[in-house]
Amino acid sequence: KKVVVFISGGGSNMLALAKAAGEPGFPAEIVAVIADKADAGGLAKAAALGIPTHAFLRKNFDSKDAHEAAILAELDRLSPDIICLAGYMRLLSATFIQRHEGRIINIHPSLLPLFPGLHTHQRAIDAGMKVAGCTVHFVTEGMDEGPIVAQAVVPVVDGDTADALAARVLTVEHRTYPMALRLLAEGKVRMEGGRVVTRDVE
Ligand code: GRF
């Protein structure tokens with residue numbers, strides 16, 4: 001299966017996906033990385049792995065629609081089976097999502113539906129949570145909404161800072177995202193009528 005990964009930042013999840021995809025027998029291949037920032041650290045990491053990269057800077061377009069139209073045109077050329085959002089910091093429009101319905105997944109560093117959006121780690125700490133984690137979910141129109149494909153849990157420890165918790169969650173993100181991508185690429189998980197349907201998942 002052909003996969004395009006969207007990033008805005010350091011791209012450590014993109015790298016985890018690319019590493020997994022490089023393993024023998026992995027059912028998906030990263031065919032391109034798309035960024036909305038020219039300085040996204042992940043762009044250099046992808047290029048170093050020989051993965052084609054494309055940067056679409058919002059400021060080079062008059063509107064959100066024009067920005068998305070350019071990205072959609074690139075996707076038409078790439079014709080991916082799966083789109084993985086990996087730290088992509090823009091909300092995709094309904095039009096965009098409908099064009100790739102059921103093909104887009106995202107990773108969010110909280111146990112959704114708890115703490116969607118920004119500052120998720122600090123909010124988990126402030127709420128007195130004893131566990132935190134990450135969620136891979138299908139992308140629907142709401143931010144960090146959409147049916148859940150996979151989750152992983154880490155402890156919150158006494159005196160945790162948002163940064164310390166983020167680092168702990170990130171380590172499980174790097175395992176959970178490739179696992180979720182594998183399930184999707186193997187056709188063991190799909191979205192149907194707004195829900196996740198699984199087949200042969202142990
Ligand atoms: C990750 O925590 C991801 O869950 C969140 O943004 C962070 C991106 O990190 N949405 P990276 O760019 O993959 O290193």
# chains A, B, ... in the order shown; residues from 1 in each chain; ligands from 1
>>> residues_near_ligand(ligand="ligand 1", cutoff="7 Å", atoms="only C-alpha atoms and all ligand atoms", output="list in words")
Ile7, Ser8, Gly9, Gly10, Gly11, Ser12, Asn13, Met14, Gly42, Ala86, Gly87, Tyr88, Ile107, His108, Pro109, Cys134, Ala166, Leu170 and Glu173 of chain A
>>> select_by_dssp(residues="segment 40-198 of chain A", states="strand (DSSP E)", output="PyMOL selection string")
chain A and resi 53-55+82-85+104-108+131-138+148-155+189-192+195-198
>>> write_last_selection(atoms="C-alpha atoms", output="PDB file, in the first residue's frame")
ATOM      1  CA  THR A  53       9.403  15.531   0.092  1.00  0.00           C
ATOM      2  CA  HIS A  54       7.038  18.350  -0.793  1.00  0.00           C
ATOM      3  CA  ALA A  55       6.601  21.571   1.216  1.00  0.00           C
ATOM      4  CA  ILE A  82      -3.316   5.760   3.144  1.00  0.00           C
ATOM      5  CA  ILE A  83      -2.472   9.229   4.495  1.00  0.00           C
ATOM      6  CA  CYS A  84      -0.808   9.402   7.909  1.00  0.00           C
ATOM      7  CA  LEU A  85      -0.907  12.708   9.766  1.00  0.00           C
ATOM      8  CA  ILE A 104      -6.602   9.333   6.664  1.00  0.00           C
ATOM      9  CA  ILE A 105      -5.302   8.475  10.117  1.00  0.00           C
ATOM     10  CA  ASN A 106      -3.749  10.702  12.791  1.00  0.00           C
ATOM     11  CA  ILE A 107      -1.799  10.222  15.985  1.00  0.00           C
ATOM     12  CA  HIS A 108      -2.602  12.338  19.023  1.00  0.00           C
ATOM     13  CA  VAL A 131      -2.161   7.315  33.147  1.00  0.00           C
ATOM     14  CA  ALA A 132      -1.648   9.020  29.804  1.00  0.00           C
ATOM     15  CA  GLY A 133      -0.946   7.701  26.337  1.00  0.00           C
ATOM     16  CA  CYS A 134      -1.489   8.055  22.634  1.00  0.00           C
ATOM     17  CA  THR A 135      -4.297   7.397  20.185  1.00  0.00           C
ATOM     18  CA  VAL A 136      -4.279   6.570  16.481  1.00  0.00           C
ATOM     19  CA  HIS A 137      -7.656   7.392  14.948  1.00  0.00           C
ATOM     20  CA  PHE A 138      -9.350   7.855  11.604  1.00  0.00           C
ATOM     21  CA  ILE A 148     -10.070   4.868  17.306  1.00  0.00           C
ATOM     22  CA  VAL A 149      -7.713   2.366  15.684  1.00  0.00           C
ATOM     23  CA  ALA A 150      -5.193   1.844  18.501  1.00  0.00           C
ATOM     24  CA  GLN A 151      -4.088   3.245  21.834  1.00  0.00           C
ATOM     25  CA  ALA A 152      -1.195   2.751  24.226  1.00  0.00           C
ATOM     26  CA  VAL A 153      -0.866   3.755  27.856  1.00  0.00           C
ATOM     27  CA  VAL A 154       1.994   5.113  29.973  1.00  0.00           C
ATOM     28  CA  PRO A 155       2.025   6.071  33.662  1.00  0.00           C
ATOM     29  CA  VAL A 189      -9.102  -2.320  10.201  1.00  0.00           C
ATOM     30  CA  ARG A 190     -11.326   0.009   8.212  1.00  0.00           C
ATOM     31  CA  MET A 191     -13.831   2.749   8.814  1.00  0.00           C
ATOM     32  CA  GLU A 192     -17.419   2.025   7.895  1.00  0.00           C
ATOM     33  CA  ARG A 195     -17.117   3.320  13.064  1.00  0.00           C
ATOM     34  CA  VAL A 196     -14.044   1.103  13.097  1.00  0.00           C
ATOM     35  CA  VAL A 197     -14.571  -2.401  11.776  1.00  0.00           C
ATOM     36  CA  THR A 198     -11.892  -5.010  12.498  1.00  0.00           C
TER      37      THR A 198
END
>>> atom_distance(atom1="atom CA of Phe6 of chain A", atom2="atom CA of Asp36 of chain A")
8.2 Å
>>> closest_residue(among="A:Arg168, A:Lys2, A:His174, A:Arg123", to="Ala32 of chain A", atoms="only C-alpha atoms")
A:Lys2
>>> residues_around(residues="Asp200 of chain A", least_positions_apart="5", cutoff="12 Å", atoms="only C-alpha atoms", output="PDB file with C-alpha atoms, in the first residue's frame")
ATOM      1  CA  LEU A 183      -3.493  -3.085  10.559  1.00  0.00           C
ATOM      2  CA  LEU A 184      -4.910  -0.594   8.082  1.00  0.00           C
ATOM      3  CA  GLU A 186      -3.439  -5.292   5.797  1.00  0.00           C
ATOM      4  CA  GLY A 187      -7.130  -4.465   5.607  1.00  0.00           C
ATOM      5  CA  LYS A 188      -7.676  -5.672   9.158  1.00  0.00           C
ATOM      6  CA  VAL A 189      -9.102  -2.320  10.201  1.00  0.00           C
TER       7      VAL A 189
END
>>> residues_around(residues="Val31 of chain A", least_positions_apart="5", cutoff="7 Å", atoms="only C-alpha atoms", output="JSON, numbers by chain")
{"A": [2, 3, 4, 51, 52]}
>>> write_last_selection(atoms="C-alpha atoms", output="PDB file, in the first residue's frame")
ATOM      1  CA  LYS A   2       1.203   3.508  -0.803  1.00  0.00           C
ATOM      2  CA  VAL A   3       1.417   5.889   2.144  1.00  0.00           C
ATOM      3  CA  VAL A   4       1.930   9.663   2.261  1.00  0.00           C
ATOM      4  CA  ILE A  51      11.816   9.670   0.488  1.00  0.00           C
ATOM      5  CA  PRO A  52      10.522  12.434  -1.836  1.00  0.00           C
TER       6      PRO A  52
END
>>> atom_distance(atom1="atom CA of Gly41 of chain A", atom2="atom CA of Asp163 of chain A")
18.7 Å
>>> select_by_dssp(residues="chain A", states="alpha helix (DSSP H)", output="PyMOL selection string")
chain A and resi 12-21+41-48+64-78+94-99+120-126+162-185
>>> closest_residue(among="A:Ala180, A:Lys130, A:Ala47, A:Pro147", to="Asp160 of chain A", atoms="only C-alpha atoms")
A:Lys130
>>> closest_residue(among="A:Leu165, A:Val5, A:Ala16, A:Ala185", to="Ile125 of chain A", atoms="only C-alpha atoms")
A:Leu165
>>> closest_residue(among="A:Leu15, A:Leu112, A:Ile34, A:Ala48", to="Ala70 of chain A", atoms="only C-alpha atoms")
A:Ile34
>>> residues_around(residues="Phe26 of chain A", least_positions_apart="5", cutoff="9 Å", atoms="only C-alpha atoms", output="PyMOL selection string")
chain A and resi 20-21+182+185
>>> write_last_selection(atoms="C-alpha atoms", output="compact mmCIF listing (two decimals), in the first residue's frame")
# COMPACT_ATOMS: atom_id res chain seq x y z
CA ALA A 20 8.80 0.05 10.04
CA ALA A 21 7.99 0.30 6.33
CA ARG A 182 0.08 -2.21 9.52
CA ALA A 185 -2.59 -1.64 5.24
>>> closest_residue(among="A:Ala167, A:Val201, A:Leu72, A:Val172", to="Thr95 of chain A", atoms="only C-alpha atoms")
A:Leu72
>>> residues_around(residues="Leu114 of chain A", least_positions_apart="4", cutoff="9 Å", atoms="only C-alpha atoms", output="PyMOL selection string")
chain A and resi 110+120+124
>>> closest_residue(among="A:Ala127, A:Ala66, A:His121, A:Thr140", to="Arg99 of chain A", atoms="only C-alpha atoms")
A:Thr140
